[in-house]
Structure formats: C-alpha cells, structure tokens
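Asker: Structure: target.txt, compact mmCIF, C-alpha atoms and all ligand atoms.
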# COMPACT_ATOMS: atom_id res chain seq x y z
CA MET T 1 -68.47 0.36 48.16
CA GLY T 2 -65.32 2.39 47.49
CA CYS T 3 -63.73 2.04 44.07
CA LYS T 4 -60.89 -0.48 43.84
CA ARG T 5 -57.45 1.04 43.28
CA THR T 6 -55.07 -0.68 40.89
CA THR T 7 -51.76 -1.61 42.50
CA LEU T 8 -49.09 0.82 41.43
CA GLY T 9 -46.48 -0.42 38.99
CA THR T 10 -42.78 -0.33 39.81
CA LEU T 11 -40.37 2.25 38.43
CA TYR T 12 -36.95 0.85 37.52
CA GLY T 13 -34.00 3.14 36.90
CA VAL T 14 -31.89 0.98 34.63
CA GLY T 15 -28.22 1.66 33.93
CA ILE T 16 -27.32 0.34 30.50
CA GLY T 17 -23.57 0.97 30.54
CA PRO T 18 -21.52 3.61 28.75
CA GLY T 19 -22.00 2.58 25.12
CA ASP T 20 -20.43 -0.79 24.40
CA PRO T 21 -23.54 -3.01 24.07
CA GLU T 22 -21.75 -5.79 25.99
CA LEU T 23 -21.36 -3.60 29.08
CA ILE T 24 -24.93 -4.04 30.26
CA THR T 25 -25.68 -6.18 33.31
CA LEU T 26 -27.67 -9.42 33.30
CA LYS T 27 -30.09 -7.82 35.74
CA ALA T 28 -30.71 -4.86 33.44
CA VAL T 29 -31.37 -7.27 30.57
CA ARG T 30 -33.89 -9.25 32.66
CA ILE T 31 -35.75 -6.13 33.82
CA LEU T 32 -35.88 -4.74 30.27
CA LYS T 33 -37.50 -7.97 29.10
CA GLU T 34 -40.10 -7.85 31.87
CA VAL T 35 -41.29 -4.23 31.91
CA ASP T 36 -44.38 -2.95 30.09
CA LYS T 37 -42.88 0.33 29.00
CA VAL T 38 -39.46 1.92 28.55
CA PHE T 39 -38.68 5.62 28.81
CA ALA T 40 -35.45 7.29 27.73
CA ALA T 41 -34.33 10.89 28.05
CA SER T 42 -34.07 12.79 24.80
CA SER T 43 -31.87 15.59 26.11
CA SER T 44 -29.44 14.88 23.29
CA SER T 45 -30.94 12.99 20.34
CA ASN T 46 -27.61 11.27 19.92
CA GLU T 47 -27.70 9.92 23.46
CA TYR T 48 -31.28 8.73 22.93
CA SER T 49 -30.43 6.74 19.80
CA ILE T 50 -27.36 5.19 21.45
CA ALA T 51 -29.46 4.13 24.43
CA LYS T 52 -32.22 2.77 22.17
CA GLU T 53 -29.73 0.76 20.12
CA ILE T 54 -28.28 -0.81 23.29
CA VAL T 55 -31.64 -1.88 24.72
CA ASP T 56 -33.53 -2.84 21.54
CA PRO T 57 -32.21 -6.43 21.35
CA HIS T 58 -33.27 -7.04 24.96
CA LEU T 59 -36.85 -5.79 24.86
CA ALA T 60 -39.85 -8.09 24.58
CA GLN T 61 -41.60 -7.69 21.26
CA ASP T 62 -43.92 -4.68 21.27
CA THR T 63 -42.47 -3.02 24.38
CA PRO T 64 -42.91 0.66 23.58
CA VAL T 65 -40.00 3.05 24.03
CA GLU T 66 -40.91 6.69 24.62
CA ARG T 67 -38.65 9.73 24.66
CA LEU T 68 -38.97 12.09 27.58
CA PRO T 69 -37.74 15.61 26.84
CA PHE T 70 -35.13 16.78 29.35
CA PRO T 71 -33.98 20.04 27.70
CA MET T 72 -30.26 20.89 27.84
CA THR T 73 -30.74 24.34 29.29
CA ARG T 74 -29.76 26.16 32.46
CA ASP T 75 -33.11 27.98 32.56
CA LYS T 76 -34.44 26.69 35.87
CA ALA T 77 -38.09 27.42 35.06
CA VAL T 78 -37.90 25.44 31.80
CA LEU T 79 -36.15 22.56 33.55
CA VAL T 80 -38.57 22.40 36.46
CA GLU T 81 -41.53 22.36 34.08
CA ALA T 82 -39.96 19.55 31.99
CA TRP T 83 -39.15 17.48 35.10
CA ARG T 84 -42.72 17.90 36.36
CA ALA T 85 -44.29 16.94 33.01
CA ASN T 86 -42.00 13.90 32.70
CA GLY T 87 -42.86 12.78 36.24
CA GLU T 88 -46.57 13.00 35.42
CA ARG T 89 -46.16 11.06 32.20
CA VAL T 90 -44.38 8.20 33.97
CA VAL T 91 -46.84 8.20 36.87
CA GLU T 92 -49.74 7.80 34.38
CA PHE T 93 -48.39 4.33 33.56
CA LEU T 94 -47.49 3.43 37.13
CA ARG T 95 -51.09 4.24 38.16
CA GLU T 96 -52.32 1.76 35.55
CA GLY T 97 -50.25 -0.88 37.34
CA LYS T 98 -47.61 -0.97 34.60
CA ASP T 99 -43.95 -1.59 35.37
CA VAL T 100 -41.80 1.03 33.77
CA ALA T 101 -38.03 1.29 33.10
CA PHE T 102 -36.20 4.56 32.65
CA ILE T 103 -32.92 3.82 30.90
CA THR T 104 -29.72 5.76 31.44
CA LEU T 105 -26.32 5.56 29.75
CA GLY T 106 -23.81 4.50 32.39
CA ASP T 107 -25.27 4.46 35.88
CA PRO T 108 -28.69 5.95 36.75
CA LEU T 109 -27.51 7.69 39.91
CA THR T 110 -24.41 9.31 38.39
CA TYR T 111 -25.13 12.67 36.71
CA SER T 112 -28.38 11.25 35.40
CA THR T 113 -31.83 12.59 34.60
CA PHE T 114 -33.15 9.59 36.53
CA CYS T 115 -32.39 11.50 39.76
CA HIS T 116 -34.84 14.25 38.72
CA LEU T 117 -37.43 11.78 37.53
CA MET T 118 -37.28 9.80 40.75
CA LYS T 119 -37.89 12.95 42.80
CA GLN T 120 -40.92 13.95 40.73
CA VAL T 121 -42.41 10.46 40.83
CA LYS T 122 -41.94 10.24 44.61
CA ALA T 123 -43.66 13.61 45.03
CA LEU T 124 -46.66 12.48 42.96
CA GLU T 125 -46.90 8.93 44.32
CA PRO T 126 -44.98 8.62 47.60
CA ASN T 127 -45.79 4.90 47.90
CA VAL T 128 -44.48 3.85 44.53
CA GLU T 129 -41.71 1.25 44.55
CA ILE T 130 -38.54 2.50 42.89
CA ILE T 131 -35.71 0.10 42.11
CA THR T 132 -32.35 1.20 40.74
CA ILE T 133 -30.31 -1.21 38.65
CA PRO T 134 -26.73 0.10 38.70
CA GLY T 135 -24.81 0.45 35.49
CA ILE T 136 -21.14 0.48 34.55
CA THR T 137 -20.22 4.16 34.51
CA SER T 138 -18.35 5.94 31.76
CA TYR T 139 -15.42 6.55 34.08
CA HIS T 140 -15.14 2.91 35.10
CA ALA T 141 -15.14 1.93 31.44
CA ALA T 142 -12.57 4.64 30.68
CA ALA T 143 -10.22 3.42 33.42
CA ALA T 144 -10.63 -0.14 32.16
CA ARG T 145 -9.86 0.95 28.60
CA LEU T 146 -6.60 2.53 29.82
CA ASN T 147 -5.82 -0.22 32.38
CA ALA T 148 -5.50 2.72 34.77
CA PRO T 149 -5.90 1.94 38.50
CA ILE T 150 -8.70 4.11 39.92
CA ALA T 151 -7.79 3.96 43.62
CA GLN T 152 -5.09 2.24 45.60
CA GLY T 153 -4.00 1.96 49.19
CA GLU T 154 -5.27 4.77 51.39
CA ARG T 155 -5.83 7.23 48.53
CA GLY T 156 -9.22 8.19 47.09
CA PHE T 157 -10.36 9.43 43.71
CA TYR T 158 -12.60 12.19 42.40
CA VAL T 159 -15.29 12.45 39.77
CA VAL T 160 -16.00 16.08 38.91
CA SER T 161 -18.22 17.83 36.42
CA GLY T 162 -16.59 19.89 33.68
CA VAL T 163 -19.71 21.96 33.10
CA ASN T 164 -18.07 25.00 34.67
CA GLY T 165 -14.63 24.29 33.22
CA GLY T 166 -11.44 23.05 34.86
CA GLY T 167 -11.68 24.98 38.14
CA GLU T 168 -12.19 21.89 40.29
CA ILE T 169 -9.26 19.90 39.00
CA ARG T 170 -6.55 21.44 41.20
CA GLY T 171 -8.39 20.89 44.50
CA ALA T 172 -9.40 17.36 43.54
CA LEU T 173 -5.82 16.43 42.63
CA GLU T 174 -4.52 17.77 45.94
CA ARG T 175 -6.59 15.14 47.69
CA SER T 176 -6.32 12.20 45.30
CA ASP T 177 -4.21 10.65 42.55
CA THR T 178 -6.98 10.13 40.01
CA VAL T 179 -9.56 12.62 38.79
CA PHE T 180 -12.23 12.01 36.17
CA VAL T 181 -13.79 15.06 34.53
CA LEU T 182 -17.17 14.17 33.07
CA LYS T 183 -19.17 16.50 30.80
CA ALA T 184 -15.87 17.73 29.39
CA TYR T 185 -17.35 19.01 26.12
CA ARG T 186 -18.67 22.58 26.36
CA LYS T 187 -15.87 24.01 28.48
CA PHE T 188 -13.10 21.84 27.08
CA ASP T 189 -10.98 24.95 26.48
CA SER T 190 -11.06 25.83 30.16
CA ILE T 191 -10.28 22.25 31.21
CA ARG T 192 -7.35 22.21 28.83
CA LYS T 193 -6.07 25.53 30.18
CA ALA T 194 -6.31 24.27 33.78
CA LEU T 195 -4.27 21.19 32.82
CA ASP T 196 -1.70 23.41 31.12
CA ASP T 197 -1.46 25.69 34.16
CA LEU T 198 -0.98 22.71 36.45
CA GLY T 199 1.64 21.15 34.15
CA LEU T 200 -0.54 18.08 33.78
CA THR T 201 -1.21 17.84 30.06
CA LYS T 202 1.06 14.79 29.84
CA ARG T 203 -0.83 13.09 32.64
CA ALA T 204 -4.29 13.60 31.16
CA VAL T 205 -6.09 11.45 28.63
CA VAL T 206 -9.17 12.64 26.76
CA ILE T 207 -11.62 9.94 25.81
CA LYS T 208 -14.45 10.58 23.41
CA ARG T 209 -17.34 8.28 22.49
CA LEU T 210 -15.88 5.35 24.36
CA GLY T 211 -17.10 2.03 22.98
CA LEU T 212 -19.00 3.77 20.16
CA ASP T 213 -18.43 4.67 16.52
CA GLY T 214 -15.94 7.52 16.38
CA GLU T 215 -14.19 6.51 19.61
CA GLY T 216 -11.11 8.61 20.24
CA ILE T 217 -8.38 8.31 22.87
CA ILE T 218 -6.06 11.30 22.99
CA LYS T 219 -3.04 10.64 25.18
CA ASP T 220 -1.25 13.86 24.32
CA ILE T 221 -3.54 16.87 24.51
CA SER T 222 -0.92 19.08 22.91
CA THR T 223 -1.53 17.24 19.61
CA LEU T 224 -5.06 18.68 19.48
CA ASP T 225 -5.84 21.82 17.50
CA GLU T 226 -6.04 25.00 19.62
CA ASP T 227 -9.80 25.31 19.11
CA GLU T 228 -10.58 21.58 19.08
CA LYS T 229 -14.17 20.83 20.10
CA MET T 230 -15.18 17.72 21.99
CA PRO T 231 -18.41 15.79 21.48
CA TYR T 232 -20.99 15.51 24.28
CA LEU T 233 -19.72 12.05 25.23
CA SER T 234 -16.22 13.09 26.29
CA LEU T 235 -14.37 12.78 29.54
CA VAL T 236 -10.87 13.41 30.82
CA VAL T 237 -8.85 11.05 33.02
CA ILE T 238 -6.05 12.71 35.00
CA GLN T 239 -3.57 10.60 36.95
CA ASN T 240 -0.95 12.16 39.15
CA LEU T 241 0.96 8.93 39.77
CA GLU T 242 4.63 8.23 39.14
C1 LIG T 301 -25.04 13.24 31.87
S1 LIG T 301 -23.48 12.50 32.14
C2 LIG T 301 -23.95 10.81 32.31
C3 LIG T 301 -22.98 9.97 33.10
C4 LIG T 301 -23.41 8.51 33.14
N1 LIG T 301 -24.64 8.36 33.87
C5 LIG T 301 -22.34 7.61 33.75
O1 LIG T 301 -22.64 6.86 34.69
O2 LIG T 301 -21.22 7.62 33.24
C6 LIG T 301 -22.84 12.54 30.51
C7 LIG T 301 -21.33 12.50 30.53
O3 LIG T 301 -20.87 11.18 30.79
C8 LIG T 301 -19.66 10.93 30.08
N2 LIG T 301 -19.87 9.77 29.17
C9 LIG T 301 -20.92 8.94 29.17
N3 LIG T 301 -20.76 7.97 28.25
C10 LIG T 301 -19.56 8.19 27.66
C11 LIG T 301 -18.83 7.54 26.63
N4 LIG T 301 -19.30 6.45 26.00
N5 LIG T 301 -17.62 8.04 26.26
C12 LIG T 301 -17.12 9.17 26.87
N6 LIG T 301 -17.78 9.81 27.85
C13 LIG T 301 -18.98 9.35 28.25
C14 LIG T 301 -19.35 12.21 29.32
O4 LIG T 301 -18.49 12.98 30.13
C15 LIG T 301 -20.72 12.86 29.20
O5 LIG T 301 -20.63 14.27 28.99
Here is the file; what I need is its structure written in the form of structure tokens.

Answerer:
Amino acid sequence: MGCKRTTLGTLYGVGIGPGDPELITLKAVRILKEVDKVFAASSSSNEYSIAKEIVDPHLAQDTPVERLPFPMTRDKAVLVEAWRANGERVVEFLREGKDVAFITLGDPLTYSTFCHLMKQVKALEPNVEIITIPGITSYHAAAARLNAPIAQGERGFYVVSGVNGGGEIRGALERSDTVFVLKAYRKFDSIRKALDDLGLTKRAVVIKRLGLDGEGIIKDISTLDEDEKMPYLSLVVIQNLE
C-alpha cells in the first residue's frame, strides 16, 4: 500500500490595506480568522509591525504570525536565496495540510513580496491552490484622501516606481493626467528635481505614512528643506489637470 498524502493546504495572499485599520476588506478579515498560520514579510521592521497591528484583532486566538525575511537589497543572489528559503518555509505548512495567509500592506499583487512568494511556492508545489484577496492600495487611499479623481473619460493613469528616481514621470504624464510614484523615499531628491524641471511642483502632493501615526500631506514641495528625507511609506501624487 502506498503512503497516504495529506491534502495540500491553501495559500492566501491577503491584502490588508495601506495602514488605516478600517481599510481592510470583510473577506480578508474572514480568511484571517480561518487560516492556521499567518506569514508577513519583515523587509522593513516598521512595515512588519504595522501589518501585525492591523491583523491582530482579526486573528483567531493562538494563530501564529511568523516573519519571513525579504532583505531590502539589490544583490540578486541574496534575494534569490531569501525567496527560495521563504517559499520552502511556507510549503512546509502547506504540505501538512495547513491553510496559510501571507499578509501584505495594500494589495498583494502591487509591488509586493507576495509575487515572489507565489512563484516559489508554485515551483515547489505546482498543484497548490493559491487565492489572492485584493487589498485597497496605497495610491487608491491617497487619491481618496485628496478627493483627487484618478481617471476620467478616455484618459488613463500611471503607477510608477520611484526606486530609480523621477525619470519615468515625464513619459507617464505625456500619456495620462494622473501619475502616482510609489517607493518615493530613497530617491526623493531625484523625484523632486524631475518635478522642478517639469514645472510641476505645484501639481504634486507628497503623502507620507498615510493613515498611520506621523501622517504627512505636503501640498507644496517647495516648503520642504532642500535635503528633506522621506520615510519608506511615502508616495507622490501628480495631477496635470486644470
Ligand atoms: C513595496 S510597495 C507596496 C505597495 C502596496 N502593496 C500597495 O498596494 O500600495 C511600498 C510602497 O507603497 C507605498 N505605501 C504603502 N503604504 C503607504 C502608506 N500608508 N502611506 C504612504 N505610502 C504608502 C509607498 O510608496 C511605499 O514605498
């Protein structure tokens, strides 16, 4: 007789919203109550504790929460090794038949470590069921905070990464009226310079730690110090509308 294989558990990628604990969906709350185990990325310890604080009230008693290290580095070898190890750790539980949630600030498929995790898990266990629970993104929450229309009529909008600075802003604005620059922290100087060069400082709003302690909304970038640094949770909304 062959040995009986336990049914694989399900992996849920759960978006928990951008920070405000009320911006989590009913579905995310239900899944968090039902799963056996919760994982959260610990790329930035700050992000981990924010995520933990949002989900804690919704977890069943005794549901363990484990940090998975996703290092903030551009060293590909280090990243690949961390993604592999994290995939294996999650698969250990799925192979025991446990349902597992991986929580993400905002939405799990928008600039999220969940995308890497999902790939690793699929490679290790191609038959595993993966279910994504969408979350309210930081840029949706930012637009709502400003009552700023995201897209209207026949025009589109762009979401770009600020990791390499402000180089993408010009092209994006040529094709749309609204551009969101996420990850606007490390190269904030370059983003600011691009806005200056394009004469758009008055049309850009910097939002930091939206919905969290220390929230800041800067409507006039010129009021910032020359060498002002932005925290990790910062984004820029640029609107080229009359
Ligand atoms: C790794 S990305 C995660 C994006 C997230 N998955 C989403 O759907 O919004 C991290 C970036 O999201 C933005 N972000 C997320 N939460 C934010 C918040 N509460 N306030 C301002 N920016 C935020 C920042 O630009 C930050 O650098």

Asker: Around ligand LIG 301 (chain T), which protein and nucleic acid residues have at least one atom no more than 10 Å from it, if we count all atoms listed in the file? List them as a VMD selection string.

Answerer: chain T and resid 15 to 20 43 to 44 47 50 103 to 114 134 to 142 160 to 163 180 to 186 206 to 213 215 to 217 230 to 236

Asker: Find the residue from T:Ala204, T:Ala151, T:Ala172, T:Ile221 that sits nearest to T:Ile238; use all atoms listed in the file when measuring.

Answerer: T:Ala204

Asker: Per residue of stretch 15-42 of chain T within 12 Å of stretch 70-85 of chain T, note the shortest atom pair and the distance in Å to one decimal, counting all atoms listed in the file, and order the rows by chain and increasing residue number, as CSV.

Answerer:
residue,atom,partner,partner_atom,distance
T:Phe39,CA,T:Phe70,CA,11.7
T:Ala40,CA,T:Phe70,CA,9.6
T:Ala41,CA,T:Phe70,CA,6.1
T:Ser42,CA,T:Phe70,CA,6.1

Asker: Would you save the residues of that selection, restricted to C-alpha atoms, as an mmCIF file, in the frame of the given file?

Answerer:
data_model
loop_
_atom_site.group_PDB
_atom_site.id
_atom_site.type_symbol
_atom_site.label_atom_id
_atom_site.label_comp_id
_atom_site.auth_asym_id
_atom_site.auth_seq_id
_atom_site.Cartn_x
_atom_site.Cartn_y
_atom_site.Cartn_z
ATOM 1 C CA PHE T 39 -38.680 5.620 28.810
ATOM 2 C CA ALA T 40 -35.450 7.290 27.730
ATOM 3 C CA ALA T 41 -34.330 10.890 28.050
ATOM 4 C CA SER T 42 -34.070 12.790 24.800
#

Asker: Identify, on the basis of only C-alpha atoms, every residue whose closest approach to T:Leu124 does not exceed 9 Å; exclude the query and any residue fewer than 3 positions from it along the same chain; express the result as a list in words.

Answerer: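 The neighbour list is Gly87, Glu88, Val91, Lys119, Gln120 and Val121 of chain T.
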
Asker: Between T:Leu94, T:Cys115, T:Leu32, T:Val205, which has the minimum distance to T:Asn240 (counting all atoms listed in the file)?

Answerer: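 Of T:Leu94, T:Cys115, T:Leu32, T:Val205, the one nearest T:Asn240 is T:Val205, counting all atoms listed in the file.
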
Asker: Find, counting all atoms listed in the file, the residue in T:Leu11, T:Val159, T:Ala60, T:Ile130 that gets nearest to T:Ala101.

Answerer: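 With all atoms listed in the file as the atom set, the closest residue is T:Leu11.
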
Asker: Using only C-alpha atoms, which of T:Lys27, T:Lys37, T:Arg145, T:Lys219 sits nearest T:Lys202?

Answerer: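 Ranked by minimum distance to T:Lys202, first place goes to T:Lys219.
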
Asker: Counting only C-alpha atoms, what is within 12 Å of T:Asp36, bar same-chain residues fewer than 2 positions away, as a PyMOL selection string?

Answerer: chain T and resi 9-12+31-34+38-39+59-66+90+93-94+96-102

Asker: When you draw a straight line from atom CA of T:Thr132 to atom CA of T:Ser49, how long is it in Å?

Answerer: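 Going from atom CA of T:Thr132 over to atom CA of T:Ser49, I get 21.7 Å.
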
Asker: Any idea what the distance is between atom CA of T:Lys122 and atom CA of T:Val35?

Answerer: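 It comes out at 19.3 Å.
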
Asker: For the atom pair atom CA of T:Ile150 and atom CA of T:Glu228, what is the interatomic distance in Å to one decimal place?

Answerer: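 Result for atom CA of T:Ile150 versus atom CA of T:Glu228: 27.3 Å, one decimal.
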
Asker: Which residues are close to T:Ile133, i.e. within 7 Å by all atoms listed in the file, leaving aside same-chain residues fewer than 5 positions away? Reply as a list in words.

Answerer: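 So, after excluding close chain neighbours, the residues are Gly13, Val14, Gly15 and Ala28 of chain T.
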
Asker: Taking 6 positions as the minimum chain separation for residues in the same chain, which residues sit within 9 Å of T:Arg192 when counting only C-alpha atoms? Answer as a count of residues only.

Answerer: 4

Asker: Might you pull out every residue within 12 Å of T:Gly153, with all atoms listed in the file counted and same-chain residues fewer than 4 positions away left off, and present them as a VMD selection string?

Answerer: chain T and resid 149 157 176 to 177

Asker: Because some atoms of stretch 39-53 of chain T are absent here, can you restore N, CA and C atoms and send them as a CSV table (one decimal), in the frame of the given file?

Answerer:
chain,number,residue,atom,x,y,z
T,39,PHE,N,-38.9,4.2,29.1
T,39,PHE,CA,-38.7,5.6,28.8
T,39,PHE,C,-37.2,5.9,28.7
T,40,ALA,N,-36.9,6.9,27.8
T,40,ALA,CA,-35.4,7.3,27.7
T,40,ALA,C,-35.4,8.8,27.6
T,41,ALA,N,-34.4,9.4,28.2
T,41,ALA,CA,-34.3,10.9,28.0
T,41,ALA,C,-33.9,11.3,26.6
T,42,SER,N,-34.5,12.4,26.1
T,42,SER,CA,-34.1,12.8,24.8
T,42,SER,C,-33.4,14.1,24.9
T,43,SER,N,-32.6,14.3,26.0
T,43,SER,CA,-31.9,15.6,26.1
T,43,SER,C,-31.0,15.8,24.9
T,44,SER,N,-30.2,14.8,24.5
T,44,SER,CA,-29.4,14.9,23.3
T,44,SER,C,-29.9,13.7,22.4
T,45,SER,N,-30.3,14.0,21.2
T,45,SER,CA,-30.9,13.0,20.3
T,45,SER,C,-29.9,11.9,20.1
T,46,ASN,N,-28.7,12.2,20.1
T,46,ASN,CA,-27.6,11.3,19.9
T,46,ASN,C,-27.6,10.2,21.1
T,47,GLU,N,-27.7,10.8,22.3
T,47,GLU,CA,-27.7,9.9,23.5
T,47,GLU,C,-28.9,9.0,23.4
T,48,TYR,N,-30.1,9.5,23.0
T,48,TYR,CA,-31.3,8.7,22.9
T,48,TYR,C,-31.1,7.6,22.0
T,49,SER,N,-30.6,7.8,20.8
T,49,SER,CA,-30.4,6.7,19.8
T,49,SER,C,-29.4,5.7,20.2
T,50,ILE,N,-28.3,6.2,20.9
T,50,ILE,CA,-27.4,5.2,21.4
T,50,ILE,C,-28.0,4.3,22.5
T,51,ALA,N,-28.8,4.9,23.4
T,51,ALA,CA,-29.5,4.1,24.4
T,51,ALA,C,-30.5,3.1,23.8
T,52,LYS,N,-31.2,3.6,22.8
T,52,LYS,CA,-32.2,2.8,22.2
T,52,LYS,C,-31.6,1.6,21.5
T,53,GLU,N,-30.4,1.8,20.8
T,53,GLU,CA,-29.7,0.8,20.1
T,53,GLU,C,-29.2,-0.3,21.1
